[in-house]
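Asker: My structure is below; once you've seen it, I'll send some questions.
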Amino acid sequence: MKTLAVLAHPERKSFNGAMYDVAKDVFSQPGHEFKGSDLYRMNFDPVSDRRNFKTIADPHYFKQQVEEAHAAKHNTFSPDIAEEIEKLYWCDLLIFQFPLWWFSVPAIMKGWVDKVFAMGKIYDEGLWYEKGMLKGKKAMLALTTGAGEEEFEPGAGHGDINQVLAPLNHGIFGFVGCEILPPFIAWAAAQKTDAERRAYLEQYREVLSKIK
């Protein structure tokens, strides 16, 4: 299996970094291949503008989808975006590794999606959901939360975690045709003991090892 893990955490020694390392280890074993996009260490620029492209479709008005479709047709995405698109095409499994910030991914990861999930390359008119261009690939959210599991239950203060994650699972992974795997959530990881965090990592390793 070919796996791409995208890490969005400013501290490489964070628990998210440790989870990323587990995925790297699991999917570097014989029979697997692994690639990573460690966005902060890459100094990935999340801001979309004309720098996304080496060509211009409309010099008078910037519409990102128009420019993406043009770049897809002429193979003129900027090198950093083109490289990430190729990683998406390459992988069988896509993992987003991140801390839950304001009920979503960190801005750098959202910017990565804005740039890399480009029209004409990752989706197109009518080519979404069951007809999505990434159909046949699997995708998974792996994340940490600040609050405990009980605070993300239906009717609890933060709301059902499945609803919280729906814009990511359905709106990103599902939209482009990926098979959505259950998320792995390390609840309130910063508040746990070292032993509890080690247990989380072993549970994560076990979950990843069962993905076929």
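In the structure tokens, each chain is lettered A, B, ... as it comes, each chain's residues begin at 1, and ligands are numbered from 1 in order of appearance.
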Please, which residues in stretch 7-61 of chain A fall within 12 Å of stretch 180-191 of chain A when counting only C-alpha atoms, and what is the closest atom pair and distance in Å to one decimal for each, ordered by chain then residue number, as a tab-separated table?
Answerer:
```
residue	atom	partner	partner_atom	distance
A:Ser14	CA	A:Ala190	CA	9.2
A:Phe15	CA	A:Ala189	CA	7.3
A:Asn16	CA	A:Ala186	CA	9.2
A:Ala18	CA	A:Ala189	CA	11.4
A:Met19	CA	A:Ala186	CA	9.4
A:Ala23	CA	A:Phe184	CA	11.8
```
Asker: Quick one: residues within 12 Å of A:Glu149, only C-alpha atoms counted, chain neighbours fewer than 2 positions away excluded, as a PyMOL selection string?
Answerer: chain A and resi 144-147+151-154+156-162+185-189
Asker: Those residues with N, CA, C and O atoms, as a compact mmCIF listing (two decimals), in the first residue's frame please?
Answerer:
```
# COMPACT_ATOMS: atom_id res chain seq x y z
N THR A 144 -5.77 15.01 17.26
CA THR A 144 -5.83 15.19 18.70
C THR A 144 -6.87 16.26 19.01
O THR A 144 -7.14 17.14 18.19
N THR A 145 -7.44 16.17 20.20
CA THR A 145 -8.38 17.19 20.65
C THR A 145 -7.89 17.79 21.96
O THR A 145 -7.10 17.18 22.69
N GLY A 146 -8.40 18.97 22.27
CA GLY A 146 -8.09 19.57 23.56
C GLY A 146 -9.02 19.08 24.64
O GLY A 146 -8.63 18.98 25.81
N ALA A 147 -10.25 18.76 24.27
CA ALA A 147 -11.26 18.30 25.22
C ALA A 147 -11.39 16.78 25.17
O ALA A 147 -10.96 16.13 24.22
N GLU A 151 -17.05 15.33 25.90
CA GLU A 151 -17.48 16.66 25.48
C GLU A 151 -17.81 16.73 24.01
O GLU A 151 -18.26 17.77 23.51
N PHE A 152 -17.59 15.63 23.28
CA PHE A 152 -17.92 15.56 21.86
C PHE A 152 -18.98 14.51 21.57
O PHE A 152 -19.08 14.02 20.45
N GLU A 153 -19.74 14.17 22.58
CA GLU A 153 -20.85 13.23 22.39
C GLU A 153 -22.09 13.98 21.94
O GLU A 153 -22.21 15.20 22.18
N PRO A 154 -23.04 13.30 21.29
CA PRO A 154 -24.28 13.97 20.90
C PRO A 154 -24.94 14.62 22.12
O PRO A 154 -25.11 14.00 23.16
N ALA A 156 -23.67 16.98 23.92
CA ALA A 156 -22.66 17.60 24.79
C ALA A 156 -22.31 19.00 24.27
O ALA A 156 -22.73 19.40 23.18
N GLY A 157 -21.50 19.70 25.05
CA GLY A 157 -21.22 21.10 24.75
C GLY A 157 -20.62 21.34 23.38
O GLY A 157 -21.00 22.28 22.67
N HIS A 158 -19.68 20.52 22.96
CA HIS A 158 -19.02 20.73 21.67
C HIS A 158 -19.77 20.09 20.51
O HIS A 158 -19.43 20.34 19.35
N GLY A 159 -20.74 19.26 20.79
CA GLY A 159 -21.50 18.61 19.74
C GLY A 159 -20.89 17.29 19.31
O GLY A 159 -19.75 16.97 19.64
N ASP A 160 -21.65 16.53 18.59
CA ASP A 160 -21.25 15.21 18.10
C ASP A 160 -19.99 15.33 17.24
O ASP A 160 -19.96 16.08 16.26
N ILE A 161 -18.96 14.59 17.60
CA ILE A 161 -17.70 14.65 16.86
C ILE A 161 -17.90 14.29 15.39
O ILE A 161 -17.20 14.81 14.51
N ASN A 162 -18.85 13.42 15.09
CA ASN A 162 -19.10 13.06 13.69
C ASN A 162 -19.61 14.25 12.89
O ASN A 162 -19.28 14.41 11.71
N ILE A 185 -8.87 9.24 16.91
CA ILE A 185 -8.86 10.46 17.72
C ILE A 185 -8.16 10.20 19.04
O ILE A 185 -8.54 9.29 19.79
N ALA A 186 -7.13 10.99 19.30
CA ALA A 186 -6.46 10.94 20.61
C ALA A 186 -7.08 12.05 21.45
O ALA A 186 -6.71 13.23 21.35
N TRP A 187 -8.04 11.66 22.26
CA TRP A 187 -8.82 12.62 23.04
C TRP A 187 -7.95 13.27 24.12
O TRP A 187 -7.31 12.58 24.90
N ALA A 188 -7.97 14.61 24.15
CA ALA A 188 -7.28 15.37 25.20
C ALA A 188 -5.86 14.86 25.42
O ALA A 188 -5.43 14.67 26.57
N ALA A 189 -5.14 14.67 24.34
CA ALA A 189 -3.82 14.04 24.43
C ALA A 189 -2.87 14.78 25.37
O ALA A 189 -2.08 14.16 26.08
```
Asker: Name the residues in contact with A:Ala71 at a cut-off of 8 Å, using only C-alpha atoms, excluding same-chain residues fewer than 4 positions from it; report them as a ChimeraX atom specification.
Answerer: /A:53-55,67,75-77
Asker: Could you name the residues that touch A:Met119 at 6 Å or less, counting only C-alpha atoms, but leaving out those on the same chain fewer than 5 positions away, as an MDAnalysis selection string?
Answerer: chainID A and resid 65 68:69 124
Asker: Next, dump the selected residues to file, keeping only all heavy atoms, as an mmCIF file, in the first residue's frame.
Answerer:
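Result file again_33.cif:
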```cif
data_model
loop_
_atom_site.group_PDB
_atom_site.id
_atom_site.type_symbol
_atom_site.label_atom_id
_atom_site.label_comp_id
_atom_site.auth_asym_id
_atom_site.auth_seq_id
_atom_site.Cartn_x
_atom_site.Cartn_y
_atom_site.Cartn_z
ATOM 1 N N GLN A 65 -10.824 28.630 -9.822
ATOM 2 C CA GLN A 65 -11.218 27.431 -10.556
ATOM 3 C C GLN A 65 -10.886 27.548 -12.045
ATOM 4 O O GLN A 65 -10.475 26.561 -12.674
ATOM 5 C CB GLN A 65 -12.712 27.165 -10.376
ATOM 6 C CG GLN A 65 -13.081 26.666 -8.986
ATOM 7 C CD GLN A 65 -14.570 26.474 -8.853
ATOM 8 O OE1 GLN A 65 -15.367 27.329 -9.248
ATOM 9 N NE2 GLN A 65 -14.962 25.348 -8.290
ATOM 10 N N GLU A 68 -7.193 27.030 -12.295
ATOM 11 C CA GLU A 68 -6.859 25.627 -12.049
ATOM 12 C C GLU A 68 -7.159 24.770 -13.264
ATOM 13 O O GLU A 68 -6.346 23.916 -13.652
ATOM 14 C CB GLU A 68 -7.637 25.116 -10.834
ATOM 15 C CG GLU A 68 -7.112 25.641 -9.514
ATOM 16 C CD GLU A 68 -7.938 25.194 -8.332
ATOM 17 O OE1 GLU A 68 -9.084 24.720 -8.517
ATOM 18 O OE2 GLU A 68 -7.455 25.325 -7.193
ATOM 19 N N ALA A 69 -8.318 24.973 -13.864
ATOM 20 C CA ALA A 69 -8.686 24.191 -15.051
ATOM 21 C C ALA A 69 -7.688 24.444 -16.183
ATOM 22 O O ALA A 69 -7.300 23.520 -16.907
ATOM 23 C CB ALA A 69 -10.102 24.533 -15.494
ATOM 24 N N ASP A 124 -13.724 17.637 -10.988
ATOM 25 C CA ASP A 124 -14.140 18.409 -12.159
ATOM 26 C C ASP A 124 -15.659 18.398 -12.210
ATOM 27 O O ASP A 124 -16.309 17.735 -11.379
ATOM 28 C CB ASP A 124 -13.536 17.821 -13.445
ATOM 29 C CG ASP A 124 -13.243 18.891 -14.484
ATOM 30 O OD1 ASP A 124 -13.972 19.915 -14.493
ATOM 31 O OD2 ASP A 124 -12.307 18.729 -15.281
#
```
Asker: Considering only C-alpha atoms, return as a PyMOL selection string whatever protein or nucleic-acid residues lie within 6 Å of A:Cys178, sequence-local ones (same chain, fewer than 5 positions apart) excluded.
Answerer: chain A and resi 134-135+137-138+173
Asker: Could the residues in this selection be written to a file with N, CA and C atoms, as a short mmCIF file (atom, residue, chain, number, x, y, z; two decimals), in the first residue's frame?
Answerer:
```cif
data_model
loop_
_atom_site.label_atom_id
_atom_site.label_comp_id
_atom_site.auth_asym_id
_atom_site.auth_seq_id
_atom_site.Cartn_x
_atom_site.Cartn_y
_atom_site.Cartn_z
N LEU A 134 -10.76 10.68 -7.31
CA LEU A 134 -9.90 9.89 -6.42
C LEU A 134 -10.60 8.61 -5.94
N LYS A 135 -11.62 8.21 -6.68
CA LYS A 135 -12.32 6.97 -6.35
C LYS A 135 -11.35 5.80 -6.36
N LYS A 137 -9.32 5.28 -3.75
CA LYS A 137 -8.38 5.59 -2.68
C LYS A 137 -9.10 5.65 -1.34
N LYS A 138 -8.37 5.41 -0.28
CA LYS A 138 -8.91 5.51 1.07
C LYS A 138 -8.37 6.78 1.72
N PHE A 173 -12.83 14.57 1.66
CA PHE A 173 -12.55 13.20 1.22
C PHE A 173 -13.67 12.63 0.36
#
```
Asker: Using only C-alpha atoms, tabulate the residues of stretch 108-165 of chain A lying at most 6 Å from any atom of stretch 94-102 of chain A, each with its closest atom pair and that distance in Å to one decimal, by chain and increasing residue number, as a Markdown table.
Answerer:
```
| residue | atom | partner | partner_atom | distance |
| --- | --- | --- | --- | --- |
| A:Ala139 | CA | A:Leu94 | CA | 4.6 |
| A:Met140 | CA | A:Ile95 | CA | 4.9 |
| A:Leu141 | CA | A:Phe96 | CA | 5.0 |
| A:Ala142 | CA | A:Gln97 | CA | 4.8 |
| A:Leu143 | CA | A:Phe98 | CA | 4.9 |
| A:Thr144 | CA | A:Pro99 | CA | 4.7 |
| A:Thr145 | CA | A:Leu100 | CA | 5.4 |
```
Asker: How many Å lie between atom CA of A:Val22 and atom CA of A:Glu202, rounded to one decimal?
Answerer: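 It comes out at 8.6 Å.
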Asker: From the set A:Val105, A:Met1, A:Leu39, A:Ile122, which residue has the shortest atom-to-atom contact distance to A:Glu86, counting only C-alpha atoms?
Answerer: A:Ile122
Asker: What gap, in Å, lies between atom CA of A:Gly136 and atom CA of A:Cys91?
Answerer: 10.3 Å
Asker: At what distance in Å, to one decimal, does atom CA of A:Leu165 lie from atom CA of A:Pro10?
Answerer: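 Calculated distance between atom CA of A:Pro10 and atom CA of A:Leu165 is 21.2 Å.
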Asker: Give me the residues within 10 Å of A:Asp80 as a CSV table (one decimal) with N, CA, C and O atoms, in the first residue's frame, counting only C-alpha atoms and dropping any in the same chain fewer than 2 places off.
Answerer:
```csv
chain,number,residue,atom,x,y,z
A,42,MET,N,8.0,22.1,5.7
A,42,MET,CA,8.1,22.4,4.3
A,42,MET,C,8.0,23.9,4.0
A,42,MET,O,8.2,24.4,2.9
A,44,PHE,N,5.2,25.4,3.8
A,44,PHE,CA,4.1,25.4,2.8
A,44,PHE,C,3.4,26.7,2.9
A,44,PHE,O,2.9,27.1,4.0
A,45,ASP,N,3.2,27.4,1.8
A,45,ASP,CA,2.4,28.7,1.8
A,45,ASP,C,1.0,28.4,1.6
A,45,ASP,O,0.6,27.9,0.5
A,52,ASN,N,0.0,30.3,-7.6
A,52,ASN,CA,-0.3,28.9,-7.8
A,52,ASN,C,0.0,28.4,-9.2
A,52,ASN,O,0.1,27.2,-9.4
A,77,PHE,N,0.8,24.1,-13.2
A,77,PHE,CA,0.8,24.4,-11.7
A,77,PHE,C,2.2,24.8,-11.3
A,77,PHE,O,3.2,24.3,-11.8
A,78,SER,N,2.3,25.6,-10.2
A,78,SER,CA,3.6,25.9,-9.7
A,78,SER,C,4.2,24.6,-9.2
A,78,SER,O,3.5,23.6,-8.8
A,82,ALA,N,2.3,21.1,-7.9
A,82,ALA,CA,2.4,20.0,-8.9
A,82,ALA,C,2.9,18.8,-8.1
A,82,ALA,O,2.5,17.6,-8.3
A,83,GLU,N,3.9,19.0,-7.3
A,83,GLU,CA,4.5,17.9,-6.5
A,83,GLU,C,3.5,17.2,-5.6
A,83,GLU,O,3.4,16.0,-5.5
A,84,GLU,N,2.7,18.1,-4.9
A,84,GLU,CA,1.7,17.6,-4.0
A,84,GLU,C,0.6,16.8,-4.7
A,84,GLU,O,0.0,15.8,-4.2
A,85,ILE,N,0.2,17.4,-5.9
A,85,ILE,CA,-0.8,16.7,-6.7
A,85,ILE,C,-0.4,15.3,-7.1
A,85,ILE,O,-1.1,14.3,-7.0
A,115,LYS,N,-5.2,24.6,-2.4
A,115,LYS,CA,-4.3,24.6,-3.5
A,115,LYS,C,-4.2,23.3,-4.3
A,115,LYS,O,-4.1,23.3,-5.5
A,116,VAL,N,-4.1,22.2,-3.5
A,116,VAL,CA,-3.8,20.9,-4.1
A,116,VAL,C,-5.0,20.2,-4.7
A,116,VAL,O,-4.9,19.5,-5.7
```
Asker: Can you pull out every residue from stretch 102-156 of chain A that DSSP, working from the backbone, puts in helix (DSSP H, G or I), and format the result as a PyMOL selection string?
Answerer: chain A and resi 107-116+129-131+149-152
Asker: Taking only C-alpha atoms into account, which of A:Gly111, A:Gly36, A:Pro167, A:Gly17 comes nearest A:Leu93?
Answerer: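 Closest residue, counting only C-alpha atoms: A:Gly36.
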Asker: Taking into account only C-alpha atoms, which residue in the set A:Ala118, A:Ala5, A:Leu88, A:Leu168 is nearest to A:His70?
Answerer: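 Ranking A:Ala118, A:Ala5, A:Leu88, A:Leu168 by distance to A:His70, first place goes to A:Ala118.
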Asker: Name all residues at most 7 Å from A:Met133 (count only C-alpha atoms; drop same-chain ones fewer than 3 positions away) and give them as number ranges by chain.
Answerer: A: 122-123, 127-128, 176-177
Asker: Restricting it to C-alpha atoms, dump the selection as a PDB file, in the first residue's frame.
Answerer:
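Saved file out.pdb follows:
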```
ATOM      1  CA  ILE A 122      -8.650  16.262  -8.240  1.00  0.00           C
ATOM      2  CA  TYR A 123     -12.249  17.033  -9.179  1.00  0.00           C
ATOM      3  CA  LEU A 127     -16.730  14.230 -11.170  1.00  0.00           C
ATOM      4  CA  TRP A 128     -17.370  14.155  -7.468  1.00  0.00           C
ATOM      5  CA  VAL A 176     -13.357  13.707  -4.412  1.00  0.00           C
ATOM      6  CA  GLY A 177     -14.481  10.077  -4.257  1.00  0.00           C
TER       7      GLY A 177
END
```
Asker: Enumerate the residues of stretch 38-139 of chain A with a DSSP assignment of strand (DSSP E), computed from the backbone, and present them as a PyMOL selection string.
Answerer: chain A and resi 38+93-99+138-139
